[in-house]
Amino acid sequence: MDATRTPGSLVCVGLGMTLGSHLGPLARSHIEQADVVFAGLSDGIVELWLNKMHTDVRSLQPYYREGRSRMQTYRQMVDAILTEVRAGKRVCGVFYGHPGVFAWAPHKSIEIARSEGYPARMEPGISAEDCLYADLGIDPGRFGCQHFEASQLLFYQRRIDPTAYLVLWQVGLVGDQSLARFSTGPAYKQVLVDVLARDYPLGHELIIYRTATLPIQSPRIERVVLGDLPQADIGMADTVVIPPARAMQVDHEMRARLDVLDRAMSDAVRDVG
Ligand SMILES: C[S@@+](CC[C@H](N)C(=O)[O-])C[C@H]1O[C@@H](n2cnc3c(N)ncnc32)[C@H](O)[C@@H]1O
């Protein structure tokens, strides 16, 4: 790095999911103090709102193009961000939700900036995951909660625990091996159903969930049975939540080991007393 130049820096912040109500004061101050702001947002109205906070907001949205691999799109976004950091600017990347949740470009930009010696960090935001716990009344600590990118369940052999909640992201794109499509259809969702049917009955009820991005909206909370998922209308902004289908099983062997430890502990306490 040239020591005479103003050192560039990068911070990636989350705008949260709902316009207005989710932006924290620290993220807002990063936006206001940046030289350049890059915006990876899902909603044009939210982008207009961000434009009011800074005079140089550059949308990352035009990089998306149907038919072009999303990996290429993400690399172009990273290049655009890093170009300004290398030019000595204080750069703020603003992403909807949490900038580090199912978001490749913010993590990669920070990794590269740091490897080149620039200060770079991430500030958390309120993600779709946070919203679904509130809107659906789910406590992930009750039965546990697995999260998967839906296509991963098709591309790889993953282990699902049907005694926990299962949250599936990007179901609207499930099975897209090209990474270049904006949606896949019922036949692809049927493959997902076939995978899920190894662990869940076809009559098991799932929730199609979309949190409100504007304060005037209500969340989408639609229940369908697994067997009907291929016909369900699932878009880019929907998340599928599968409640547990089975009760947790007691692990008798581990309980017995713990009993032995408990007895040893109380014997030790008694001996000391
Ligand atoms: C690329 S990820 C971005 C997630 C985002 N960074 C966050 O913090 O939630 C896109 C996926 O997030 C979920 N998602 C996006 N918008 C949503 C919304 N309004 N309600 C529920 N889930 C949403 C969907 O599963 C969608 O396929």
# chains A, B, ... in the order shown; residues from 1 in each chain; ligands from 1
$ closest_atom_pairs --of "chain A" --to "ligand 1" --cutoff "6 Å" --atoms "only C-alpha atoms and all ligand atoms" --output "CSV"
residue,atom,partner,partner_atom_place_in_ligand_line,distance
A:Tyr96,CA,ligand 1,6 (N),5.7
A:Gly97,CA,ligand 1,8 (O),3.4
A:His98,CA,ligand 1,8 (O),3.7
A:Pro99,CA,ligand 1,6 (N),5.3
A:Val101,CA,ligand 1,6 (N),4.5
A:Phe102,CA,ligand 1,2 (S),4.7
A:Ala103,CA,ligand 1,1 (C),5.4
A:Ser127,CA,ligand 1,8 (O),3.4
A:Ala128,CA,ligand 1,9 (O),3.7
A:Trp169,CA,ligand 1,25 (O),3.5
A:Gln170,CA,ligand 1,27 (O),3.2
A:Tyr209,CA,ligand 1,21 (C),5.5
A:Arg210,CA,ligand 1,20 (N),3.4
A:Thr211,CA,ligand 1,20 (N),3.8
A:Ala212,CA,ligand 1,19 (N),5.7
A:Thr213,CA,ligand 1,19 (N),5.8
A:Met236,CA,ligand 1,27 (O),4.9
A:Ala237,CA,ligand 1,16 (N),3.9
A:Asp238,CA,ligand 1,24 (C),4.7
A:Thr239,CA,ligand 1,25 (O),3.9
$ select_by_dssp --residues "stretch 11-220 of chain A" --states "strand (DSSP E or B)" --output "VMD selection string"
chain A and resid 11 to 14 16 36 to 40 57 to 59 90 to 95 97 120 to 122 145 to 149 165 to 169 205 to 210 220
$ write_last_selection --atoms "N, CA and C atoms" --output "compact mmCIF listing (two decimals), in the first residue's frame"
# COMPACT_ATOMS: atom_id res chain seq x y z
N VAL A 11 -16.53 -1.23 5.67
CA VAL A 11 -17.42 -1.80 6.68
C VAL A 11 -18.69 -2.25 5.96
N CYS A 12 -19.12 -3.47 6.26
CA CYS A 12 -20.37 -3.97 5.69
C CYS A 12 -21.41 -3.99 6.79
N VAL A 13 -22.54 -3.35 6.53
CA VAL A 13 -23.59 -3.25 7.55
C VAL A 13 -24.90 -3.83 7.00
N GLY A 14 -25.79 -4.15 7.94
CA GLY A 14 -27.10 -4.67 7.55
C GLY A 14 -28.17 -3.62 7.77
N GLY A 16 -31.26 -4.53 7.91
CA GLY A 16 -32.40 -5.25 8.46
C GLY A 16 -33.37 -5.59 7.35
N VAL A 36 -18.20 6.45 0.03
CA VAL A 36 -18.99 5.77 -1.01
C VAL A 36 -19.82 4.68 -0.33
N VAL A 37 -21.07 4.54 -0.77
CA VAL A 37 -21.94 3.50 -0.23
C VAL A 37 -22.37 2.57 -1.37
N PHE A 38 -22.18 1.27 -1.19
CA PHE A 38 -22.69 0.28 -2.14
C PHE A 38 -23.92 -0.37 -1.53
N ALA A 39 -24.94 -0.57 -2.35
CA ALA A 39 -26.22 -1.07 -1.81
C ALA A 39 -26.62 -2.39 -2.43
N GLY A 40 -26.68 -3.43 -1.61
CA GLY A 40 -27.18 -4.74 -2.05
C GLY A 40 -28.52 -4.97 -1.39
N VAL A 57 -24.72 6.75 -3.35
CA VAL A 57 -25.13 5.35 -3.14
C VAL A 57 -25.12 4.65 -4.49
N ARG A 58 -24.34 3.58 -4.59
CA ARG A 58 -24.23 2.84 -5.86
C ARG A 58 -24.91 1.48 -5.71
N SER A 59 -25.94 1.28 -6.48
CA SER A 59 -26.70 0.03 -6.37
C SER A 59 -25.91 -1.15 -6.95
N ARG A 90 -13.36 5.59 2.20
CA ARG A 90 -14.06 4.88 3.29
C ARG A 90 -15.33 4.32 2.66
N VAL A 91 -15.37 3.01 2.52
CA VAL A 91 -16.46 2.38 1.79
C VAL A 91 -17.40 1.68 2.77
N CYS A 92 -18.69 1.86 2.55
CA CYS A 92 -19.69 1.15 3.35
C CYS A 92 -20.55 0.30 2.40
N GLY A 93 -20.55 -1.00 2.64
CA GLY A 93 -21.44 -1.90 1.88
C GLY A 93 -22.69 -2.11 2.71
N VAL A 94 -23.83 -1.78 2.12
CA VAL A 94 -25.10 -1.90 2.86
C VAL A 94 -25.91 -3.03 2.22
N PHE A 95 -26.25 -4.00 3.04
CA PHE A 95 -26.98 -5.16 2.52
C PHE A 95 -28.26 -5.36 3.32
N GLY A 97 -31.12 -7.20 5.46
CA GLY A 97 -30.99 -8.23 6.48
C GLY A 97 -29.67 -8.10 7.22
N ALA A 120 -11.16 -3.63 7.77
CA ALA A 120 -12.45 -4.07 7.20
C ALA A 120 -13.20 -4.86 8.25
N ARG A 121 -14.49 -4.56 8.41
CA ARG A 121 -15.29 -5.31 9.38
C ARG A 121 -16.76 -5.35 8.99
N MET A 122 -17.47 -6.16 9.75
CA MET A 122 -18.90 -6.34 9.49
C MET A 122 -19.69 -5.96 10.74
N CYS A 145 -32.55 -26.04 15.81
CA CYS A 145 -32.97 -25.47 14.52
C CYS A 145 -31.83 -25.60 13.52
N GLN A 146 -32.09 -26.32 12.44
CA GLN A 146 -31.08 -26.44 11.38
C GLN A 146 -31.41 -25.46 10.27
N HIS A 147 -30.39 -24.92 9.65
CA HIS A 147 -30.58 -24.04 8.49
C HIS A 147 -29.79 -24.59 7.31
N PHE A 148 -30.45 -24.69 6.17
CA PHE A 148 -29.74 -25.12 4.96
C PHE A 148 -30.16 -24.25 3.79
N GLU A 149 -29.22 -24.02 2.91
CA GLU A 149 -29.55 -23.49 1.60
C GLU A 149 -30.21 -24.67 0.87
N TYR A 165 -36.39 -27.94 14.31
CA TYR A 165 -36.92 -27.12 13.20
C TYR A 165 -35.92 -27.18 12.05
N LEU A 166 -36.43 -27.11 10.83
CA LEU A 166 -35.56 -27.05 9.66
C LEU A 166 -35.95 -25.80 8.86
N VAL A 167 -34.99 -24.93 8.63
CA VAL A 167 -35.26 -23.70 7.87
C VAL A 167 -34.53 -23.81 6.53
N LEU A 168 -35.29 -23.68 5.45
CA LEU A 168 -34.71 -23.81 4.11
C LEU A 168 -34.73 -22.45 3.41
N TRP A 169 -33.55 -22.02 3.01
CA TRP A 169 -33.37 -20.74 2.34
C TRP A 169 -33.29 -20.96 0.83
N GLU A 205 -46.96 -30.61 7.85
CA GLU A 205 -47.23 -29.20 7.49
C GLU A 205 -45.99 -28.33 7.58
N LEU A 206 -45.76 -27.56 6.53
CA LEU A 206 -44.63 -26.63 6.48
C LEU A 206 -45.18 -25.20 6.44
N ILE A 207 -44.29 -24.25 6.67
CA ILE A 207 -44.70 -22.84 6.61
C ILE A 207 -43.88 -22.14 5.53
N ILE A 208 -44.58 -21.49 4.61
CA ILE A 208 -43.90 -20.60 3.65
C ILE A 208 -43.93 -19.22 4.29
N TYR A 209 -42.75 -18.66 4.46
CA TYR A 209 -42.66 -17.43 5.27
C TYR A 209 -41.95 -16.32 4.49
N ARG A 210 -42.55 -15.14 4.56
CA ARG A 210 -41.87 -13.95 4.01
C ARG A 210 -42.13 -12.79 4.97
N ARG A 220 -45.96 -12.91 5.19
CA ARG A 220 -46.65 -14.06 4.58
C ARG A 220 -46.39 -15.27 5.47
$ residues_around --residues "stretch 67-75 of chain A" --least-positions-apart "2" --cutoff "8 Å" --atoms "only C-alpha atoms" --output "MDAnalysis selection string"
chainID A and resid 63:65 77:79 104:105 178:181
$ atom_distance --atom1 "atom CA of A:Lys108" --atom2 "atom CA of A:Ile126"
20.0 Å
$ residues_around --residues "A:Arg142" --least-positions-apart "2" --cutoff "12 Å" --atoms "only C-alpha atoms" --output "list in words"
Tyr133, Gly137, Ile138, Asp139, Pro140, Gly144, Cys145, Thr163, Ala164, Tyr165, Pro243, Pro244, Ala247 and Met248 of chain A
$ decode --residues "stretch 81-130 of chain A" --atoms "N, CA and C atoms" --output "compact mmCIF listing (two decimals), in the first residue's frame"
# COMPACT_ATOMS: atom_id res chain seq x y z
N ILE A 81 -16.47 -2.92 -5.09
CA ILE A 81 -16.25 -2.45 -3.72
C ILE A 81 -14.76 -2.25 -3.47
N LEU A 82 -13.96 -3.26 -3.86
CA LEU A 82 -12.52 -3.20 -3.59
C LEU A 82 -11.83 -2.09 -4.37
N THR A 83 -12.34 -1.78 -5.55
CA THR A 83 -11.74 -0.71 -6.36
C THR A 83 -11.75 0.60 -5.56
N GLU A 84 -12.87 0.87 -4.89
CA GLU A 84 -12.98 2.12 -4.12
C GLU A 84 -12.15 2.08 -2.84
N VAL A 85 -12.08 0.90 -2.21
CA VAL A 85 -11.24 0.77 -1.01
C VAL A 85 -9.78 1.05 -1.40
N ARG A 86 -9.35 0.45 -2.51
CA ARG A 86 -7.95 0.62 -2.96
C ARG A 86 -7.67 2.06 -3.37
N ALA A 87 -8.74 2.79 -3.75
CA ALA A 87 -8.56 4.20 -4.13
C ALA A 87 -8.51 5.10 -2.89
N GLY A 88 -8.53 4.47 -1.71
CA GLY A 88 -8.39 5.24 -0.47
C GLY A 88 -9.68 5.74 0.13
N LYS A 89 -10.81 5.24 -0.36
CA LYS A 89 -12.12 5.71 0.13
C LYS A 89 -12.56 4.91 1.37
N ARG A 90 -13.36 5.59 2.20
CA ARG A 90 -14.06 4.88 3.29
C ARG A 90 -15.33 4.32 2.66
N VAL A 91 -15.37 3.01 2.52
CA VAL A 91 -16.46 2.38 1.79
C VAL A 91 -17.40 1.68 2.77
N CYS A 92 -18.69 1.86 2.55
CA CYS A 92 -19.69 1.15 3.35
C CYS A 92 -20.55 0.30 2.40
N GLY A 93 -20.55 -1.00 2.64
CA GLY A 93 -21.44 -1.90 1.88
C GLY A 93 -22.69 -2.11 2.71
N VAL A 94 -23.83 -1.78 2.12
CA VAL A 94 -25.10 -1.90 2.86
C VAL A 94 -25.91 -3.03 2.22
N PHE A 95 -26.25 -4.00 3.04
CA PHE A 95 -26.98 -5.16 2.52
C PHE A 95 -28.26 -5.36 3.32
N TYR A 96 -29.28 -5.88 2.65
CA TYR A 96 -30.52 -6.08 3.41
C TYR A 96 -30.33 -7.24 4.39
N GLY A 97 -31.12 -7.20 5.46
CA GLY A 97 -30.99 -8.23 6.48
C GLY A 97 -29.67 -8.10 7.22
N HIS A 98 -29.05 -9.24 7.45
CA HIS A 98 -27.71 -9.29 8.06
C HIS A 98 -26.71 -9.45 6.92
N PRO A 99 -25.65 -8.62 6.89
CA PRO A 99 -24.75 -8.67 5.73
C PRO A 99 -23.94 -9.96 5.65
N GLY A 100 -23.98 -10.77 6.71
CA GLY A 100 -23.19 -12.00 6.68
C GLY A 100 -24.02 -13.26 6.62
N VAL A 101 -25.34 -13.12 6.40
CA VAL A 101 -26.21 -14.29 6.39
C VAL A 101 -26.62 -14.61 4.95
N PHE A 102 -26.18 -15.77 4.47
CA PHE A 102 -26.44 -16.17 3.08
C PHE A 102 -26.05 -15.04 2.12
N ALA A 103 -24.87 -14.53 2.30
CA ALA A 103 -24.40 -13.38 1.51
C ALA A 103 -22.90 -13.55 1.28
N TRP A 104 -22.53 -13.86 0.06
CA TRP A 104 -21.14 -14.19 -0.26
C TRP A 104 -20.28 -12.93 -0.40
N ALA A 105 -20.82 -11.94 -1.11
CA ALA A 105 -20.00 -10.76 -1.47
C ALA A 105 -19.48 -9.98 -0.25
N PRO A 106 -20.29 -9.74 0.78
CA PRO A 106 -19.74 -8.99 1.93
C PRO A 106 -18.59 -9.74 2.61
N HIS A 107 -18.77 -11.04 2.85
CA HIS A 107 -17.69 -11.81 3.49
C HIS A 107 -16.42 -11.78 2.64
N LYS A 108 -16.59 -11.97 1.32
CA LYS A 108 -15.42 -12.03 0.43
C LYS A 108 -14.73 -10.67 0.37
N SER A 109 -15.53 -9.59 0.30
CA SER A 109 -14.93 -8.25 0.21
C SER A 109 -14.09 -7.97 1.45
N ILE A 110 -14.62 -8.34 2.60
CA ILE A 110 -13.90 -8.10 3.87
C ILE A 110 -12.62 -8.93 3.90
N GLU A 111 -12.75 -10.18 3.49
CA GLU A 111 -11.57 -11.08 3.49
C GLU A 111 -10.46 -10.51 2.60
N ILE A 112 -10.82 -10.07 1.40
CA ILE A 112 -9.79 -9.55 0.47
C ILE A 112 -9.22 -8.23 1.00
N ALA A 113 -10.10 -7.35 1.47
CA ALA A 113 -9.61 -6.06 1.97
C ALA A 113 -8.60 -6.26 3.10
N ARG A 114 -8.94 -7.17 4.02
CA ARG A 114 -8.01 -7.44 5.14
C ARG A 114 -6.71 -8.02 4.64
N SER A 115 -6.80 -8.94 3.66
CA SER A 115 -5.56 -9.58 3.16
C SER A 115 -4.66 -8.55 2.49
N GLU A 116 -5.25 -7.43 2.04
CA GLU A 116 -4.44 -6.37 1.41
C GLU A 116 -4.06 -5.28 2.42
N GLY A 117 -4.41 -5.49 3.68
CA GLY A 117 -3.97 -4.58 4.74
C GLY A 117 -4.93 -3.44 5.05
N TYR A 118 -6.14 -3.47 4.50
CA TYR A 118 -7.12 -2.41 4.79
C TYR A 118 -7.97 -2.81 5.99
N PRO A 119 -8.31 -1.85 6.86
CA PRO A 119 -9.25 -2.19 7.93
C PRO A 119 -10.62 -2.53 7.33
N ALA A 120 -11.16 -3.63 7.77
CA ALA A 120 -12.45 -4.07 7.20
C ALA A 120 -13.20 -4.86 8.25
N ARG A 121 -14.49 -4.56 8.41
CA ARG A 121 -15.29 -5.31 9.38
C ARG A 121 -16.76 -5.35 8.99
N MET A 122 -17.47 -6.16 9.75
CA MET A 122 -18.90 -6.34 9.49
C MET A 122 -19.69 -5.96 10.74
N GLU A 123 -20.78 -5.28 10.53
CA GLU A 123 -21.72 -5.01 11.64
C GLU A 123 -22.97 -5.85 11.39
N PRO A 124 -23.42 -6.61 12.40
CA PRO A 124 -24.58 -7.46 12.18
C PRO A 124 -25.86 -6.67 11.95
N GLY A 125 -26.82 -7.32 11.31
CA GLY A 125 -28.13 -6.71 11.10
C GLY A 125 -29.22 -7.73 11.43
N ILE A 126 -30.44 -7.31 11.34
CA ILE A 126 -31.58 -8.21 11.62
C ILE A 126 -31.91 -8.98 10.35
N SER A 127 -31.74 -10.30 10.42
CA SER A 127 -31.92 -11.14 9.23
C SER A 127 -33.33 -11.71 9.16
N ALA A 128 -33.61 -12.38 8.05
CA ALA A 128 -34.90 -13.08 7.90
C ALA A 128 -35.06 -14.11 9.02
N GLU A 129 -33.94 -14.70 9.43
CA GLU A 129 -33.99 -15.68 10.52
C GLU A 129 -34.52 -15.03 11.80
N ASP A 130 -33.99 -13.85 12.13
CA ASP A 130 -34.45 -13.17 13.35
C ASP A 130 -35.95 -12.88 13.27
